[in-house]
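Beneath this line is the structure, given in structure tokens, with notes to follow.
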Amino acid sequence: MGVLARLSRRWLLALGAAVGWLAWAVGIRRRVVLSNLALAFPEKSPGERRAIARATFRNLGRMIPEFLLVPQMSEAELEAVLEYGGFEKITEATARGQGVVVCTAHFGNWDLLQAASSRLRTRVSSVSRHEARTGADSLWKRTRARSGVEELAVKRGETLKAAVRALKAGNVLGYVIDQNVSRRRAVFPTFFGVAAATSPTPAYLAMRYGARVFFAVATPLPGGRYRAEIEGPFELQRSGDREADVLAFMQTLNDRLEHFVRLHPASWYWLHRRWKTRPESED
């Protein structure tokens, strides 16, 4: 990290973008990215989709030094990089003692959003799967911890329990909603018109524990800056059909993500197989 500290942020972002372009050039997950883009944007030409793909890799390359620098940045520097819209609604909910879940996604620099928010606004807890550690994974988790983010590493089936503990401790729970999950644990709202296996945890937290659920992403601004777009809280309808209510709630959150991806398509993480798990009806 000493080398990072000695380089200007502008040079680091340029270096990261070059690394991202190299990853595209050598074909890392290129087929997956182009397949996902074809599914989401059939109306775009192959050339347009390839341009989005290249920009996606450059953006991902820039994200790495952006996030690793967060623990070394002053609050004034962080405020200059990330501006907020609507955070007072989250502050009001936490002040009333309500559990707060902020749903986000692999969009923009989602780790920067969580880490900067934990340093600037409120204590953030984040759920992640407990997996064997690699050097890169350890570095990422240490950076989160140094930024004030509480990492909740859970095993399969423990997510809801860990989330409840974080809410009872008064922390804001950051929850990524666009991770593919197994069919057994999934509901299937649509994302770009295609059923996408989605964890129902945010809906359960709203339904069972009265949590206030928001949606937030960091949209790109000129000069390598971001704006935290915060929407909600979203109300969970109680029609008497619990499964339908949970699905409708998660559909609303997926719709908000799709809205921002359509506005900034190169900001989403097209490298993962979002639509991998299929509903039983497609067997």
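Quick note on naming: the chains in the structure tokens go A, B, ... in the order shown, residues restart at 1 in each chain, and ligands are numbered from 1 in order of appearance.
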
Skip A:Val164 itself and residues of its chain fewer than 5 positions away, then list as a PDB file with C-alpha atoms, in the first residue's frame all residues within 10 Å of it, counting only C-alpha atoms.
```pdb
ATOM      1  CA  GLY A  99     -33.365  -1.685  11.301  1.00  0.00           C
ATOM      2  CA  THR A 159     -27.379 -15.237   6.034  1.00  0.00           C
ATOM      3  CA  ALA A 169     -26.632  -3.975  16.826  1.00  0.00           C
ATOM      4  CA  LEU A 173     -26.823  -3.702   6.564  1.00  0.00           C
ATOM      5  CA  LEU A 205     -36.147  -8.687   6.957  1.00  0.00           C
ATOM      6  CA  TYR A 209     -38.527  -7.664  11.566  1.00  0.00           C
ATOM      7  CA  ALA A 211     -36.641  -3.361   8.618  1.00  0.00           C
TER       8      ALA A 211
END
```

All residues 12 Å or closer to A:Ala23, only C-alpha atoms, same chain fewer than 2 positions away omitted, as a PyMOL selection string: chain A and resi 16-21+25-30+53-61+271

Keeping only C-alpha atoms, write the selected residues to a file as a tab-separated table (two decimals), in the first residue's frame.
```tsv
chain	number	residue	atom	x	y	z
A	16	GLY	CA	-6.13	0.40	-13.36
A	17	ALA	CA	-7.92	1.17	-16.61
A	18	ALA	CA	-4.92	-0.15	-18.55
A	19	VAL	CA	-5.00	-3.38	-16.54
A	20	GLY	CA	-8.71	-3.71	-17.25
A	21	TRP	CA	-8.16	-3.18	-20.97
A	25	ALA	CA	-7.59	-7.97	-24.73
A	26	VAL	CA	-6.51	-11.42	-23.54
A	27	GLY	CA	-10.13	-12.58	-23.46
A	28	ILE	CA	-10.80	-13.05	-19.73
A	29	ARG	CA	-14.51	-13.96	-19.48
A	30	ARG	CA	-15.11	-12.12	-22.73
A	53	ALA	CA	-17.87	-4.66	-22.78
A	54	ARG	CA	-14.55	-2.86	-23.28
A	55	ALA	CA	-15.68	0.05	-21.12
A	56	THR	CA	-16.82	-2.43	-18.43
A	57	PHE	CA	-13.32	-3.91	-18.19
A	58	ARG	CA	-11.72	-0.44	-17.99
A	59	ASN	CA	-14.12	0.55	-15.22
A	60	LEU	CA	-13.40	-2.62	-13.27
A	61	GLY	CA	-9.68	-1.96	-13.54
A	271	LEU	CA	-18.58	-10.84	-15.94
```

Among stretch 50-216 of chain A, which residues carry a DSSP assignment of strand (DSSP E), reported as an MDAnalysis selection string? chainID A and resid 82:85 100:104 124:129 150:154 172:176 190:191 194:195 212:216

Per residue of stretch 88-160 of chain A within 12 Å of stretch 228-234 of chain A, note the shortest atom pair and the distance in Å to one decimal, counting only C-alpha atoms, and order the rows by chain and increasing residue number, as a Markdown table.
```
| residue | atom | partner | partner_atom | distance |
| --- | --- | --- | --- | --- |
| A:Glu88 | CA | A:Ile230 | CA | 9.6 |
| A:Lys89 | CA | A:Pro233 | CA | 7.9 |
| A:Ile90 | CA | A:Pro233 | CA | 8.3 |
| A:Thr91 | CA | A:Pro233 | CA | 11.8 |
| A:Glu92 | CA | A:Pro233 | CA | 11.0 |
| A:Ala93 | CA | A:Pro233 | CA | 9.1 |
| A:Gln98 | CA | A:Pro233 | CA | 11.5 |
| A:Gly99 | CA | A:Pro233 | CA | 11.4 |
| A:Val100 | CA | A:Pro233 | CA | 9.1 |
| A:Val101 | CA | A:Pro233 | CA | 9.2 |
| A:Val102 | CA | A:Ile230 | CA | 8.7 |
| A:Cys103 | CA | A:Ile230 | CA | 9.6 |
| A:Thr104 | CA | A:Ile230 | CA | 9.6 |
| A:Phe107 | CA | A:Ala228 | CA | 11.2 |
| A:Gly108 | CA | A:Ala228 | CA | 9.9 |
| A:Asn109 | CA | A:Ala228 | CA | 10.3 |
| A:Trp110 | CA | A:Ala228 | CA | 9.8 |
| A:Leu112 | CA | A:Ala228 | CA | 10.3 |
| A:Leu113 | CA | A:Ala228 | CA | 7.2 |
| A:Gln114 | CA | A:Ala228 | CA | 10.2 |
| A:Ala116 | CA | A:Ala228 | CA | 10.4 |
| A:Ser117 | CA | A:Ala228 | CA | 9.4 |
```

Output for the residues just chosen: C-alpha atoms as a PDB file, in the first residue's frame:
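Output below, filename selection_5.pdb:
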```
ATOM      1  CA  GLU A  88     -30.885  11.788   5.348  1.00  0.00           C
ATOM      2  CA  LYS A  89     -33.708   9.248   4.902  1.00  0.00           C
ATOM      3  CA  ILE A  90     -31.394   6.492   6.153  1.00  0.00           C
ATOM      4  CA  THR A  91     -30.218   8.665   9.044  1.00  0.00           C
ATOM      5  CA  GLU A  92     -33.815   9.344  10.075  1.00  0.00           C
ATOM      6  CA  ALA A  93     -34.655   5.628  10.058  1.00  0.00           C
ATOM      7  CA  GLN A  98     -35.495   0.981  12.892  1.00  0.00           C
ATOM      8  CA  GLY A  99     -33.365  -1.685  11.301  1.00  0.00           C
ATOM      9  CA  VAL A 100     -32.029  -0.425   7.982  1.00  0.00           C
ATOM     10  CA  VAL A 101     -31.098  -2.550   4.969  1.00  0.00           C
ATOM     11  CA  VAL A 102     -29.456  -0.804   2.019  1.00  0.00           C
ATOM     12  CA  CYS A 103     -29.666  -3.020  -1.041  1.00  0.00           C
ATOM     13  CA  THR A 104     -26.987  -2.456  -3.625  1.00  0.00           C
ATOM     14  CA  PHE A 107     -22.628  -1.626 -10.031  1.00  0.00           C
ATOM     15  CA  GLY A 108     -20.135   1.221 -10.100  1.00  0.00           C
ATOM     16  CA  ASN A 109     -17.662   0.855  -7.271  1.00  0.00           C
ATOM     17  CA  TRP A 110     -19.954  -0.868  -4.793  1.00  0.00           C
ATOM     18  CA  LEU A 112     -16.147   2.154  -2.363  1.00  0.00           C
ATOM     19  CA  LEU A 113     -19.783   3.055  -1.658  1.00  0.00           C
ATOM     20  CA  GLN A 114     -19.921   0.791   1.410  1.00  0.00           C
ATOM     21  CA  ALA A 116     -16.877   5.473   2.276  1.00  0.00           C
ATOM     22  CA  SER A 117     -20.367   5.382   3.804  1.00  0.00           C
TER      23      SER A 117
END
```

One number please: atom CA of A:Phe87 to atom CA of A:Arg121, in Å, one decimal.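 Atom-to-atom, atom CA of A:Phe87 and atom CA of A:Arg121 are spaced 8.4 Å apart.
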
Please identify the alpha helix (DSSP H) residues within stretch 100-194 of chain A (assignment by DSSP from backbone atoms) and present them as a PyMOL selection string. chain A and resi 110-120+135-146+159-168

At a cut-off of 8 Å, using only C-alpha atoms, what residues contact stretch 32-38 of chain A? Leave out same-chain residues fewer than 5 positions from it and give the result as a list in words.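 The neighbour list is Lys44, Pro46, Arg49, Arg50, Ala53, Trp270, Leu271, His272 and Arg273 of chain A.
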
Writer output for current selection, N, CA and C atoms, as a compact mmCIF listing (two decimals), in the first residue's frame:
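Result written to out_14.txt:
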```txt
# COMPACT_ATOMS: atom_id res chain seq x y z
N LYS A 44 -29.35 -3.72 -29.39
CA LYS A 44 -28.09 -3.06 -29.73
C LYS A 44 -27.31 -3.90 -30.73
N PRO A 46 -23.90 -5.67 -32.44
CA PRO A 46 -22.72 -6.31 -31.84
C PRO A 46 -21.61 -5.32 -31.54
N ARG A 49 -22.46 -3.47 -28.33
CA ARG A 49 -22.28 -4.32 -27.15
C ARG A 49 -20.80 -4.53 -26.84
N ARG A 50 -19.96 -4.66 -27.86
CA ARG A 50 -18.52 -4.81 -27.62
C ARG A 50 -17.95 -3.53 -27.01
N ALA A 53 -18.73 -3.66 -23.43
CA ALA A 53 -17.87 -4.66 -22.78
C ALA A 53 -16.48 -4.10 -22.50
N TRP A 270 -20.82 -7.30 -15.74
CA TRP A 270 -21.30 -8.26 -16.72
C TRP A 270 -20.50 -9.56 -16.71
N LEU A 271 -19.44 -9.66 -15.90
CA LEU A 271 -18.58 -10.84 -15.94
C LEU A 271 -19.18 -12.05 -15.22
N HIS A 272 -20.18 -11.84 -14.36
CA HIS A 272 -20.70 -13.01 -13.65
C HIS A 272 -21.99 -13.50 -14.33
N ARG A 273 -22.28 -14.77 -14.15
CA ARG A 273 -23.40 -15.41 -14.82
C ARG A 273 -24.66 -15.19 -13.99
```

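Distances to A:Arg119 were evaluated for A:Glu75, A:Glu151, A:Glu158, A:Asp241 using only C-alpha atoms, and the minimum falls at A:Glu75.
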
Quick one: residues within 12 Å of A:Ser8, only C-alpha atoms, excluding same-chain residues fewer than 6 positions away - as a list in words? Ala14, Leu15, Pro65, Glu66, Leu69 and Met73 of chain A

If you keep C-alpha atoms, can you produce a file of those selected residues as a PDB file, in the first residue's frame?
```pdb
ATOM      1  CA  ALA A  14      -5.188   5.311 -15.459  1.00  0.00           C
ATOM      2  CA  LEU A  15      -3.050   2.323 -14.491  1.00  0.00           C
ATOM      3  CA  PRO A  65      -7.038   1.280  -6.713  1.00  0.00           C
ATOM      4  CA  GLU A  66     -10.102   3.421  -5.936  1.00  0.00           C
ATOM      5  CA  LEU A  69      -7.052   3.916  -1.280  1.00  0.00           C
ATOM      6  CA  MET A  73      -8.055   9.138   2.332  1.00  0.00           C
TER       7      MET A  73
END
```

Go through A:Pro200, A:Gly97, A:Gly223, A:Gly157 one by one, measure the shortest atom-to-atom distance of each to A:Asn171 using only C-alpha atoms, and give the residue with the smallest value.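 Distance minimum relative to A:Asn171 lands on A:Gly97.
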
Counting only C-alpha atoms, which of A:Gln72, A:Ser126, A:Ser138, A:Thr201 gets nearest to A:Val246?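 Selected residue with least distance to A:Val246: A:Thr201.
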